[in-house]
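Chemist: Take a look at this one; I'll ask things after.
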4 protein chains.
Amino acid sequence: MLVCKQALGPIVGYLDAVAASCAQLATDHRHTLISGRTLLQQALPVTFGLKAAHWLAAIVDARRSLAWTLAQGLYAQLGGAAGTLAPLGSQGLEVLSALADELGLAEPVLPWHTDRTPIAKLACNLAVACGAVEKVSLDVILLAQTEVSEVSEAAVSGRGGSSTLPQKRNPIDAIRARSCASQAQGCCNALIGAMGQEHERAAGAWHSEWEALRNALQLCGGAACWMAQSLQGLEIHADKMQENLEASGGLLTAESVVSAVMAIGGSSEAREAVTRACERSFQTKSPLRQELLSEPAISQVLSPSQLDNALDASNYLGSTQAFIDRALELYQSEVT
Amino acid sequence: MLVCKQALGPIVGYLDAVAASCAQLATDHRHTLISGRTLLQQALPVTFGLKAAHWLAAIVDARRSLAWTLAQGLYAQLGGAAGTLAPLGSQGLEVLSALADELGLAEPVLPWHTDRTPIAKLACNLAVACGAVEKVSLDVILLAQTEVSEVSEAAVSGRGGSSTLPQKRNPIDAIRARSCASQAQGCCNALIGAMGQEHERAAGAWHSEWEALRNALQLCGGAACWMAQSLQGLEIHADKMQENLEASGGLLTAESVVSAVMAIGGSSEAREAVTRACERSFQTKSPLRQELLSEPAISQVLSPSQLDNALDASNYLGSTQAFIDRALELYQSEVT
Amino acid sequence: MLVCKQALGPIVGYLDAVAASCAQLATDHRHTLISGRTLLQQALPVTFGLKAAHWLAAIVDARRSLAWTLAQGLYAQLGGAAGTLAPLGSQGLEVLSALADELGLAEPVLPWHTDRTPIAKLACNLAVACGAVEKVSLDVILLAQTEVSEVSEAAVSGRGGSSTLPQKRNPIDAIRARSCASQAQGCCNALIGAMGQEHERAAGAWHSEWEALRNALQLCGGAACWMAQSLQGLEIHADKMQENLEASGGLLTAESVVSAVMAIGGSSEAREAVTRACERSFQTKSPLRQELLSEPAISQVLSPSQLDNALDASNYLGSTQAFIDRALELYQSEVT
Amino acid sequence: MLVCKQALGPIVGYLDAVAASCAQLATDHRHTLISGRTLLQQALPVTFGLKAAHWLAAIVDARRSLAWTLAQGLYAQLGGAAGTLAPLGSQGLEVLSALADELGLAEPVLPWHTDRTPIAKLACNLAVACGAVEKVSLDVILLAQTEVSEVSEAAVSGRGGSSTLPQKRNPIDAIRARSCASQAQGCCNALIGAMGQEHERAAGAWHSEWEALRNALQLCGGAACWMAQSLQGLEIHADKMQENLEASGGLLTAESVVSAVMAIGGSSEAREAVTRACERSFQTKSPLRQELLSEPAISQVLSPSQLDNALDASNYLGSTQAFIDRALELYQSEVT
């Protein structure tokens with residue numbers, strides 16, 4: 001547990017660095033439009049700041065559990081061969097308490113030779129932290145795809161380039177983070193699965209924990225560390241985000257036009273007109289605005305400027321800013 | 001999450017029933033001697049009450065996390081297609097808050113379409129609870145082995161008997177609990193492993209959660225329920241515990257004799273004499289007492305009654321009673 | 001095992017359907033250029049037919065193991081309570097053999113109450129088949145991304161569309177396949193992990209197999225079935241593949257220019273000139289051809305038509321056609 | 001794959017050593033009576049040789065898959081950046097073939113950058129081998145329990161003893177084997193779960209394979225090696241097996257008495273008499289023979305010597321000898 005304690009400090013530190021970068025991105029890009037994507041299809045406009053705010057909230061949540069584990073103290077373990085502290089006679093509790101003090105660990109209610117909840121809970125917290133990191137790494141990798149090109153990792157000589165393929169800018173830190181995170185989760189699974197331990201000391205399951213625990217700590221730290229490095233130098237291509245958002249000719253805000261039409265008492269006929277215009281726009285690649293204006297049921301109720309308003313992605317962001325604020329408040333109250 | 005909330009109540013209830021039985025066993029059998037076993041070999045005497053106290057501490061610990069999840073509320077989820085609540089215009093937060101209220105769920109900081117920490121943490125808590133149950137079930141199964149026969153599940157007509165094998169009293173509830181617990185952990189692994197979800201809605205990982213979550217809840221409930229049933233009717237064979245403890249002719253308290261010898265200034269010669277006596281006793285199956293008395297280095301420093309004292313398992317239990325008290329206090333302060 | 005046998009037939013059938021579609025795509029698109037992508041970055045040109053050939057080879061490989069399992073027969077199981085067939089006196093083997101015959105199952109060397117290799121091997125074969133399907137589903141999902149748009153699933157009314165988002169064409173069958181595949185792998189892990197079974201009949205691990213095995217079969221079948229449906233109607237957008245390939249202005253074939261230069265005795269100076277031209281092209285987005293022609297070390301050794309030849313992606317495909325042939329031969333020899 | 005090839009040889013060798021010990025035990029102890037145990041309860045008599053024959057069949061089965069993988073050759077991998085071998089022009093296949101030859105590896109149909117079936121199948125074979133080993137280790141650990149004491153690992157100075165607990169003879173090699181086996185299975189799960197790899201080179205999953213594959217090979221080798229060592233020196237306590245078998249006063253052969261009664265046209269009344277006698281014997285611990293003789297419905301149809309015959313465990317072994325022969329034949333035909 002001393003090893004765990006020594007490892008947890010840096011892990012929390014790396015998660016803090018990830019959180020700090022997310023908070024910075026959420027702040028800086030709270031108005032930077034980007035396509036919200038569901039099932040990897042463009043769906044509705046969001047902002048890149050909101051994306052970062054989501055990352056932030058999950059990282060803060062995962063960090064909280066680990067920091068709390070560290071703060072309340074990992075349990076010292078002393079029990080003698082069978083958990084009675086028999087060789088210490090009547091002084092068992094006193095010695096246990098003193099040992100915990102000396103090591104800076106917490107005193108357990110009972111020795112925990114075969115009660116592996118302390119190990120399993122630590123494994124769970126590491127696994128959740130890795131999952132939160134993996135989510136961020138996956139988004140960065142997807143946004144960095146050649147055809148998306150909305151972010152790229154810092155161009156550092158020797159990192160992420162390819163000797164034979166000069167056009168490549170691999171998001172190598174995010175890839176490393178993802179790889180570490182998934183490996184760490186495998187180790188954590190093993191630790192959770194090893195909780196069924198026999199009597200007063202297990203015949204195998206206990207022995208199988210050591211390597212898995214060490215690896216889980218290392219890999220979780222690695223995941224958080226690489227992710228922090230990826231985010232720190234991340235280049236945000238706001239123009240490309242805008243370009244991708246507009247590539248569908250306005251279809252991402254079709255829902256907004258329906259809302260505008262209905263808000264002023266639009267008929268179901270007007271709603272159908274929007275659907276028709278969308279279909280034509282999708283089939284013919286003509287701008288949605290033009291197709292909408294050619295529908296009398298719309299042009300009669302919405303002026304061109306009202307229509308432009310409705311089609312403007314920045315007017316269809318709902319509670320985006322409030323959500324960003326909430327994530328930043330959470331961060332500030334917990335981490336900084 | 002409504003489903004989760006409805007499932008968590010009974011799960012916590014079943015864990016309470018397991019805890020109540022453990023507390024009763026810890027109280028009733030705090031002085032009932034039993035062999036402490038490490039690596040499935042008899043090692044030192046403990047009491048069956050201490051064993052139950054260990055079970056209790058782990059169950060209380062696991063129950064705490066689930067009860068806390070239930071108390072603080074599972075998060076409501078409302079975000080619209082991409083997590084902005086855009087169709088609700090400026091009223092998004094208000095509606096989210098009202099929805100959470102109406103459902104009796106907690107209001108999340110942000111929608112969590114692809115922030116799966118709420119699901120993963122719930123999975124972790126279920127997995128740890130299952131691990132704590134599995135430990136109890138494994139001990140019951142091992143203690144119920146024909147050759148050990150220190151406990152048996154209640155003989156209820158139609159349960160655990162065998163039509164063709166009348167001598168069988170299968171610990172069928174503990175076996176069911178163990179089977180449910182390990183299956184549930186598999187589901188929880190799947191949920192933890194599904195945290196890496198793309199952008200604003202995942203292309204597959206999200207869909208793979210539903211069945212796993214439902215199964216995890218059912219199986220965790222099943223594990224706790226069967227374990228409660230196993231413990232409620234558990235027959236404790238204190239005489240067989242004593243018989244097994246004595247089967248090695250006193251070797252389980254050899255460590256105690258060394259302590260007694262050293263406490264009165266015993267020489268290293270005396271310590272070696274104990275080792276020699278143990279080896280003879282183990283080889284020849286003669287009682288350790290007799291072999292120790294035949295060693296002058298021992299018989300000269302310990303009177304027969306002092307030796308009997310040292311060989312008495314009930315005098316070599318260290319902090320057993322204090323540990324049982326601590327587990328019971330934990331239970332009373334948290335659960336009852 | 002009868003259940004397994006009945007399930008395996010359809011599973012192999014669905015895998016055959018996946019393979020048939022892959023073979024058709026490999027044949028039809030053997031010359032359709034597409035960007036080869038490594039770490040989700042465009043790297044070198046390949047053809048879509050080669051991509052399909054890779055899918056094909058893996059599916060054929062996975063299908064082979066399952067078909068072989070089905071052909072050689074799943075093992076009948078009959079052993080009596082402890083695997084001796086004692087109640088059958090001297091007729092045990094005869095009855096075992098007759099039973100296997102009657103059920104159309106294979107006769108095992110020994111009863112396998114606690115030798116779970118037959119179950120675990122079946123689980124392994126299912127897990128590998130799911131992995132092969134998951135790879136195909138992942139590629140389809142990635143190719144169908146809005147910004148990539150190189151394939152789309154068939155537009156069938158009621159499938160994959162979104163009521164509120166008309167522009168969405170979700171690759172819903174591939175997503176279902178991916179989700180089933182990963183869930184099935186979780187079940188298979190559970191089966192592999194349950195091999196450690198006690199003595200002549202296990203106390204829990206055996207009971208935990210049933211649900212997992214049934215789910216593994218169902219989910220593997222589901223994965224293959226959805227994948228077959230996804231591929232059968234898959235629309236291939238060769239023009240978009242070409243457009244994406246050319247978006248980097250020729251950088252994907254830079255390696256080819258180096259080869260051409262070196263083939264005619266190019267100096268290291270010429271190689272450096274290519275690197276320089278690539279960097280300028282990447283930074284300024286100007287076509288690579290133009291940048292190369294502005295480098296004397298290149299324009300002096302390669303004529304414009306030689307350069308065009310080198311920059312032509314269809315001239316830098318290496319063994320692509322041969323590999324497609326090999327995959328198709330493998331398919332024809334094994335499956336058809 | 002060279003590393004895999006180099007590792008597989010020794011792994012198969014260790015499995016051979018395990019198999020050899022199992023075959024020896026099956027031969028030597030084909031008539032050594034032992035309790036067959038289901039759900040960890042004594043059920044029916046078997047022989048220790050049959051137990052070893054079961055271990056043998058599973059080990060031979062698992063070994064076959066690995067030996068076959070080694071014999072047919074692991075696949076060489078050469079594909080260039082995107083799997084086309086473009087830089088090699090028209091000589092790609094020739095070079096691939098020559099490379100495979102030079103390395104002593106098999107030539108793949110296609111490069112397999114993101115077709116991970118070769119890795120996953122290897123992982124499966126390792127996982128199954130570990131499962132077969134784990135089963136043996138678990139049985140040894142259970143048979144070595146203090147209260148069972150039917151086997152013990154060789155008493156080698158410094159191994160398995162306990163400095164403070166002279167009576168302990170820990171089955172430490174079996175415990176090590178079990179621990180290695182379960183750890184290896186975790187690594188194999190990770191490899192199977194990493195099959196979903198993107199396009200022509202994966203963004204993370206590929207990188208997560210290396211450590212897992214190396215660990216899987218090492219740990220599988222470790223499991224087999226420790227198991228071989230455990231079995232080689234295993235002490236078989238046939239007298240203790242007999243003693244445990246008889247501890248239930250004949251109840252393990254009650255089924256045999258029913259058969260004997262029915263074989264000579266016994267009435268359903270006679271069958272009920274056996275059940276009654278069993279229950280009395282179980283409750284009062286009186287020998288079953290005596291209770292049976294006190295039932296007229298039995299004593300009238302079976303002479304005391306016929307009854308003794310029926311109660312003799314060695315007369316109620318069914319196809320035990322034939323099964324042992326079949327396992328030994330399998331072993332001889334495949335391994336030696």
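Residue numbers start at 1 in each chain; chains themselves are named A, B, ... in the order of the structure tokens; ligands are numbered from 1 in the order shown.
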Would you mind listing, for every residue of chain D within 6 Å of chain A, the two atoms forming the shortest contact and the distance between them in Å to one decimal, using only C-alpha atoms, sorted by chain and ascending residue number, as a Markdown table?

Modeler:
| residue | atom | partner | partner_atom | distance |
| --- | --- | --- | --- | --- |
| D:Ile175 | CA | A:Gly204 | CA | 5.0 |
| D:Arg178 | CA | A:Gly204 | CA | 5.8 |
| D:Ser179 | CA | A:Gly204 | CA | 4.6 |
| D:Ala203 | CA | A:Ile175 | CA | 5.6 |
| D:Gly204 | CA | A:Ser179 | CA | 4.6 |
| D:Ser208 | CA | A:Ser179 | CA | 5.1 |

Chemist: Hey, what's within 9 Å of region 282-296 of chain A if we count only C-alpha atoms and toss same-chain stuff fewer than 4 positions away? As a PyMOL selection string, please?

Modeler: (chain A and resi 248-251+254+270+273-274+276-278+300-302+304+307-308+311) or (chain C and resi 166-167)

Chemist: Using N, CA, C and O atoms, can you write the selected residues to a file as a PDB file, in the first residue's frame?

Modeler:
ATOM      1  N   SER A 248     -22.595  20.426 -44.819  1.00  0.00           N
ATOM      2  CA  SER A 248     -23.890  19.836 -45.170  1.00  0.00           C
ATOM      3  C   SER A 248     -24.893  20.897 -45.612  1.00  0.00           C
ATOM      4  O   SER A 248     -26.084  20.613 -45.732  1.00  0.00           O
ATOM      5  N   GLY A 249     -24.422  22.108 -45.822  1.00  0.00           N
ATOM      6  CA  GLY A 249     -25.280  23.136 -46.415  1.00  0.00           C
ATOM      7  C   GLY A 249     -26.406  23.593 -45.518  1.00  0.00           C
ATOM      8  O   GLY A 249     -27.437  24.074 -45.993  1.00  0.00           O
ATOM      9  N   GLY A 250     -26.228  23.451 -44.230  1.00  0.00           N
ATOM     10  CA  GLY A 250     -27.234  23.975 -43.317  1.00  0.00           C
ATOM     11  C   GLY A 250     -28.116  22.924 -42.672  1.00  0.00           C
ATOM     12  O   GLY A 250     -28.930  23.219 -41.797  1.00  0.00           O
ATOM     13  N   LEU A 251     -27.934  21.674 -43.076  1.00  0.00           N
ATOM     14  CA  LEU A 251     -28.833  20.636 -42.558  1.00  0.00           C
ATOM     15  C   LEU A 251     -28.739  20.469 -41.044  1.00  0.00           C
ATOM     16  O   LEU A 251     -29.697  20.043 -40.402  1.00  0.00           O
ATOM     17  N   ALA A 254     -31.492  22.332 -39.340  1.00  0.00           N
ATOM     18  CA  ALA A 254     -32.866  22.150 -39.820  1.00  0.00           C
ATOM     19  C   ALA A 254     -33.844  22.091 -38.643  1.00  0.00           C
ATOM     20  O   ALA A 254     -34.941  22.666 -38.695  1.00  0.00           O
ATOM     21  N   ALA A 270     -46.236  23.477 -42.594  1.00  0.00           N
ATOM     22  CA  ALA A 270     -44.927  24.126 -42.599  1.00  0.00           C
ATOM     23  C   ALA A 270     -43.844  23.133 -42.175  1.00  0.00           C
ATOM     24  O   ALA A 270     -42.746  23.086 -42.731  1.00  0.00           O
ATOM     25  N   ALA A 273     -42.996  20.960 -44.925  1.00  0.00           N
ATOM     26  CA  ALA A 273     -42.224  21.703 -45.922  1.00  0.00           C
ATOM     27  C   ALA A 273     -40.733  21.686 -45.570  1.00  0.00           C
ATOM     28  O   ALA A 273     -39.880  21.552 -46.451  1.00  0.00           O
ATOM     29  N   VAL A 274     -40.418  21.824 -44.287  1.00  0.00           N
ATOM     30  CA  VAL A 274     -39.010  21.764 -43.868  1.00  0.00           C
ATOM     31  C   VAL A 274     -38.429  20.397 -44.215  1.00  0.00           C
ATOM     32  O   VAL A 274     -37.323  20.286 -44.763  1.00  0.00           O
ATOM     33  N   ARG A 276     -39.360  18.301 -46.500  1.00  0.00           N
ATOM     34  CA  ARG A 276     -39.178  18.216 -47.958  1.00  0.00           C
ATOM     35  C   ARG A 276     -37.917  18.959 -48.410  1.00  0.00           C
ATOM     36  O   ARG A 276     -37.133  18.451 -49.195  1.00  0.00           O
ATOM     37  N   ALA A 277     -37.754  20.172 -47.885  1.00  0.00           N
ATOM     38  CA  ALA A 277     -36.589  20.981 -48.267  1.00  0.00           C
ATOM     39  C   ALA A 277     -35.288  20.287 -47.863  1.00  0.00           C
ATOM     40  O   ALA A 277     -34.310  20.264 -48.615  1.00  0.00           O
ATOM     41  N   CYS A 278     -35.299  19.712 -46.687  1.00  0.00           N
ATOM     42  CA  CYS A 278     -34.109  18.978 -46.219  1.00  0.00           C
ATOM     43  C   CYS A 278     -33.782  17.845 -47.176  1.00  0.00           C
ATOM     44  O   CYS A 278     -32.615  17.619 -47.536  1.00  0.00           O
ATOM     45  N   GLN A 300     -43.631  32.202 -46.416  1.00  0.00           N
ATOM     46  CA  GLN A 300     -44.750  33.080 -46.018  1.00  0.00           C
ATOM     47  C   GLN A 300     -44.738  33.410 -44.526  1.00  0.00           C
ATOM     48  O   GLN A 300     -45.321  34.394 -44.096  1.00  0.00           O
ATOM     49  N   VAL A 301     -44.097  32.590 -43.721  1.00  0.00           N
ATOM     50  CA  VAL A 301     -44.124  32.847 -42.276  1.00  0.00           C
ATOM     51  C   VAL A 301     -42.783  33.364 -41.729  1.00  0.00           C
ATOM     52  O   VAL A 301     -42.745  33.993 -40.677  1.00  0.00           O
ATOM     53  N   LEU A 302     -41.691  33.023 -42.418  1.00  0.00           N
ATOM     54  CA  LEU A 302     -40.382  33.483 -41.944  1.00  0.00           C
ATOM     55  C   LEU A 302     -39.781  34.437 -42.978  1.00  0.00           C
ATOM     56  O   LEU A 302     -39.696  34.092 -44.157  1.00  0.00           O
ATOM     57  N   PRO A 304     -36.582  36.312 -44.758  1.00  0.00           N
ATOM     58  CA  PRO A 304     -35.225  35.798 -44.998  1.00  0.00           C
ATOM     59  C   PRO A 304     -34.315  36.029 -43.793  1.00  0.00           C
ATOM     60  O   PRO A 304     -33.517  35.162 -43.443  1.00  0.00           O
ATOM     61  N   LEU A 307     -35.143  33.586 -41.167  1.00  0.00           N
ATOM     62  CA  LEU A 307     -34.650  32.277 -41.591  1.00  0.00           C
ATOM     63  C   LEU A 307     -33.139  32.163 -41.347  1.00  0.00           C
ATOM     64  O   LEU A 307     -32.643  31.145 -40.835  1.00  0.00           O
ATOM     65  N   ASP A 308     -32.429  33.234 -41.715  1.00  0.00           N
ATOM     66  CA  ASP A 308     -30.977  33.220 -41.486  1.00  0.00           C
ATOM     67  C   ASP A 308     -30.669  33.040 -40.013  1.00  0.00           C
ATOM     68  O   ASP A 308     -29.751  32.311 -39.629  1.00  0.00           O
ATOM     69  N   LEU A 311     -31.130  29.515 -39.113  1.00  0.00           N
ATOM     70  CA  LEU A 311     -30.112  28.634 -39.697  1.00  0.00           C
ATOM     71  C   LEU A 311     -28.731  28.858 -39.088  1.00  0.00           C
ATOM     72  O   LEU A 311     -27.811  28.073 -39.333  1.00  0.00           O
TER      73      LEU A 311
ATOM     74  N   PRO C 166     -32.721  15.036 -40.569  1.00  0.00           N
ATOM     75  CA  PRO C 166     -32.903  14.375 -41.867  1.00  0.00           C
ATOM     76  C   PRO C 166     -31.589  14.057 -42.571  1.00  0.00           C
ATOM     77  O   PRO C 166     -31.548  13.181 -43.416  1.00  0.00           O
ATOM     78  N   GLN C 167     -30.516  14.781 -42.224  1.00  0.00           N
ATOM     79  CA  GLN C 167     -29.251  14.537 -42.925  1.00  0.00           C
ATOM     80  C   GLN C 167     -28.559  13.264 -42.451  1.00  0.00           C
ATOM     81  O   GLN C 167     -27.578  12.833 -43.039  1.00  0.00           O
TER      82      GLN C 167
END

Chemist: Just the residues within 12 Å of Glu107 (chain A), please, counting only C-alpha atoms, with nothing from its chain fewer than 6 positions along; format it as a PDB file with C-alpha atoms, in the first residue's frame.

Modeler:
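Output saved as selection-v4.pdb:
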ATOM      1  CA  MET A   1       0.000   0.000   0.000  1.00  0.00           C
ATOM      2  CA  GLN A  72      -8.395   9.296   3.662  1.00  0.00           C
ATOM      3  CA  GLY A  73      -5.401   7.066   3.536  1.00  0.00           C
ATOM      4  CA  LEU A  74      -4.711   3.650   2.179  1.00  0.00           C
ATOM      5  CA  TYR A  75      -4.988   0.947   4.776  1.00  0.00           C
ATOM      6  CA  ALA A  76      -1.981  -0.438   6.540  1.00  0.00           C
ATOM      7  CA  GLN A  77      -1.958  -4.205   6.685  1.00  0.00           C
ATOM      8  CA  LEU A  78      -0.753  -6.204   9.696  1.00  0.00           C
ATOM      9  CA  GLY A  79      -2.383  -9.345  10.891  1.00  0.00           C
ATOM     10  CA  LEU A  93      -4.040  -3.143  18.198  1.00  0.00           C
ATOM     11  CA  GLU A  94      -1.446  -0.817  19.616  1.00  0.00           C
ATOM     12  CA  VAL A  95       1.217  -2.070  17.234  1.00  0.00           C
ATOM     13  CA  LEU A  96      -1.172  -1.971  14.261  1.00  0.00           C
ATOM     14  CA  SER A  97      -2.020   1.614  15.080  1.00  0.00           C
ATOM     15  CA  ALA A  98       1.605   2.617  15.504  1.00  0.00           C
ATOM     16  CA  LEU A  99       2.602   0.933  12.267  1.00  0.00           C
ATOM     17  CA  ALA A 100      -0.116   2.738  10.319  1.00  0.00           C
ATOM     18  CA  ASP A 101       1.037   6.018  11.845  1.00  0.00           C
TER      19      ASP A 101
ATOM     20  CA  ARG B 326     -14.583  -3.338  15.880  1.00  0.00           C
TER      21      ARG B 326
END

Chemist: Could you give me, as a VMD selection string, each residue of region 7-149 of chain D that DSSP assigns to helix (DSSP H, G or I) when run on this structure's backbone?

Modeler: chain D and resid 7 to 28 48 to 72 86 to 103 117 to 143

Chemist: Would you mind listing what lies within 8 Å of Arg30 (chain A) as a ChimeraX atom specification, with only C-alpha atoms counted and same-chain residues fewer than 6 positions away left out?

Modeler: /A:47-50,321,324

Chemist: Go ahead and write the selection's residues with N, CA, C and O atoms as a tab-separated table (two decimals), in the first residue's frame.

Modeler:
chain	number	residue	atom	x	y	z
A	47	THR	N	-20.34	23.48	-29.22
A	47	THR	CA	-19.07	24.22	-29.32
A	47	THR	C	-17.95	23.32	-28.83
A	47	THR	O	-18.18	22.38	-28.05
A	48	PHE	N	-16.76	23.60	-29.28
A	48	PHE	CA	-15.63	22.79	-28.84
A	48	PHE	C	-15.43	22.95	-27.33
A	48	PHE	O	-15.01	22.03	-26.65
A	49	GLY	N	-15.77	24.12	-26.83
A	49	GLY	CA	-15.69	24.35	-25.39
A	49	GLY	C	-16.61	23.40	-24.62
A	49	GLY	O	-16.24	22.89	-23.55
A	50	LEU	N	-17.77	23.12	-25.16
A	50	LEU	CA	-18.69	22.18	-24.49
A	50	LEU	C	-18.10	20.77	-24.49
A	50	LEU	O	-18.19	20.04	-23.50
A	321	GLN	N	-23.70	27.27	-23.03
A	321	GLN	CA	-22.87	28.14	-22.17
A	321	GLN	C	-23.08	27.82	-20.69
A	321	GLN	O	-22.11	27.80	-19.91
A	324	ILE	N	-21.15	24.74	-19.82
A	324	ILE	CA	-19.71	25.01	-19.69
A	324	ILE	C	-19.43	25.66	-18.34
A	324	ILE	O	-18.49	25.27	-17.63

Chemist: I need the residue nearest Leu39 (chain B) from this list: D:Leu105, D:Gly80, D:Asn125, D:Val140. Use only C-alpha atoms for the distance.

Modeler: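 Nearest candidate to Leu39 (chain B) out of D:Leu105, D:Gly80, D:Asn125, D:Val140: D:Val140.
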
Chemist: Compile the contact shell of Gly13 (chain A) as an MDAnalysis selection string: residues with an atom at most 12 Å away, counting only C-alpha atoms, same-chain residues fewer than 3 positions apart removed.

Modeler: chainID A and resid 6:10 16:20 59:60 63:64 66:67 70 220:222 224:225 228 335:336

Chemist: Residues of the last selection are to be written out with C-alpha atoms, as a PDB file, in the first residue's frame.

Modeler:
ATOM      1  CA  GLN A   6       3.512   6.787  -3.691  1.00  0.00           C
ATOM      2  CA  ALA A   7       2.019   6.100  -7.100  1.00  0.00           C
ATOM      3  CA  LEU A   8      -1.322   7.781  -6.458  1.00  0.00           C
ATOM      4  CA  GLY A   9       0.178  11.212  -5.874  1.00  0.00           C
ATOM      5  CA  PRO A  10       1.629  11.512  -9.383  1.00  0.00           C
ATOM      6  CA  ASP A  16      -4.994  17.541 -12.617  1.00  0.00           C
ATOM      7  CA  ALA A  17      -2.922  18.480 -15.638  1.00  0.00           C
ATOM      8  CA  VAL A  18      -5.501  16.873 -17.939  1.00  0.00           C
ATOM      9  CA  ALA A  19      -8.262  18.747 -16.106  1.00  0.00           C
ATOM     10  CA  ALA A  20      -6.372  22.041 -16.314  1.00  0.00           C
ATOM     11  CA  ILE A  59     -11.934  13.755 -15.357  1.00  0.00           C
ATOM     12  CA  VAL A  60     -12.850  15.763 -12.238  1.00  0.00           C
ATOM     13  CA  ARG A  63      -9.931  12.389 -10.012  1.00  0.00           C
ATOM     14  CA  ARG A  64     -12.156  12.987  -6.984  1.00  0.00           C
ATOM     15  CA  LEU A  66      -8.575   8.815  -6.390  1.00  0.00           C
ATOM     16  CA  ALA A  67      -7.775  11.987  -4.467  1.00  0.00           C
ATOM     17  CA  LEU A  70      -5.279   9.212  -1.112  1.00  0.00           C
ATOM     18  CA  CYS A 220      -3.075   4.599 -15.312  1.00  0.00           C
ATOM     19  CA  GLY A 221      -0.316   7.096 -14.624  1.00  0.00           C
ATOM     20  CA  GLY A 222       0.933   6.629 -18.170  1.00  0.00           C
ATOM     21  CA  ALA A 224      -3.058  10.413 -17.683  1.00  0.00           C
ATOM     22  CA  CYS A 225       0.457  11.651 -18.363  1.00  0.00           C
ATOM     23  CA  ALA A 228      -1.976  15.745 -20.429  1.00  0.00           C
ATOM     24  CA  VAL A 335      -9.412  20.924  -8.047  1.00  0.00           C
ATOM     25  CA  THR A 336      -7.970  24.380  -7.889  1.00  0.00           C
TER      26      THR A 336
END

Chemist: May I ask which of the residues B:Ala129, B:Leu56, B:Glu153, B:Val257 is the closest one to Leu219 (chain B), counting only C-alpha atoms?

Modeler: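 That would be B:Ala129, the residue with the smallest distance to Leu219 (chain B).
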
Chemist: Looking at B:Val261, B:Met241, B:Leu33, B:Leu44, which one is nearest to Ser314 (chain B), with distances taken over only C-alpha atoms?

Modeler: B:Leu33
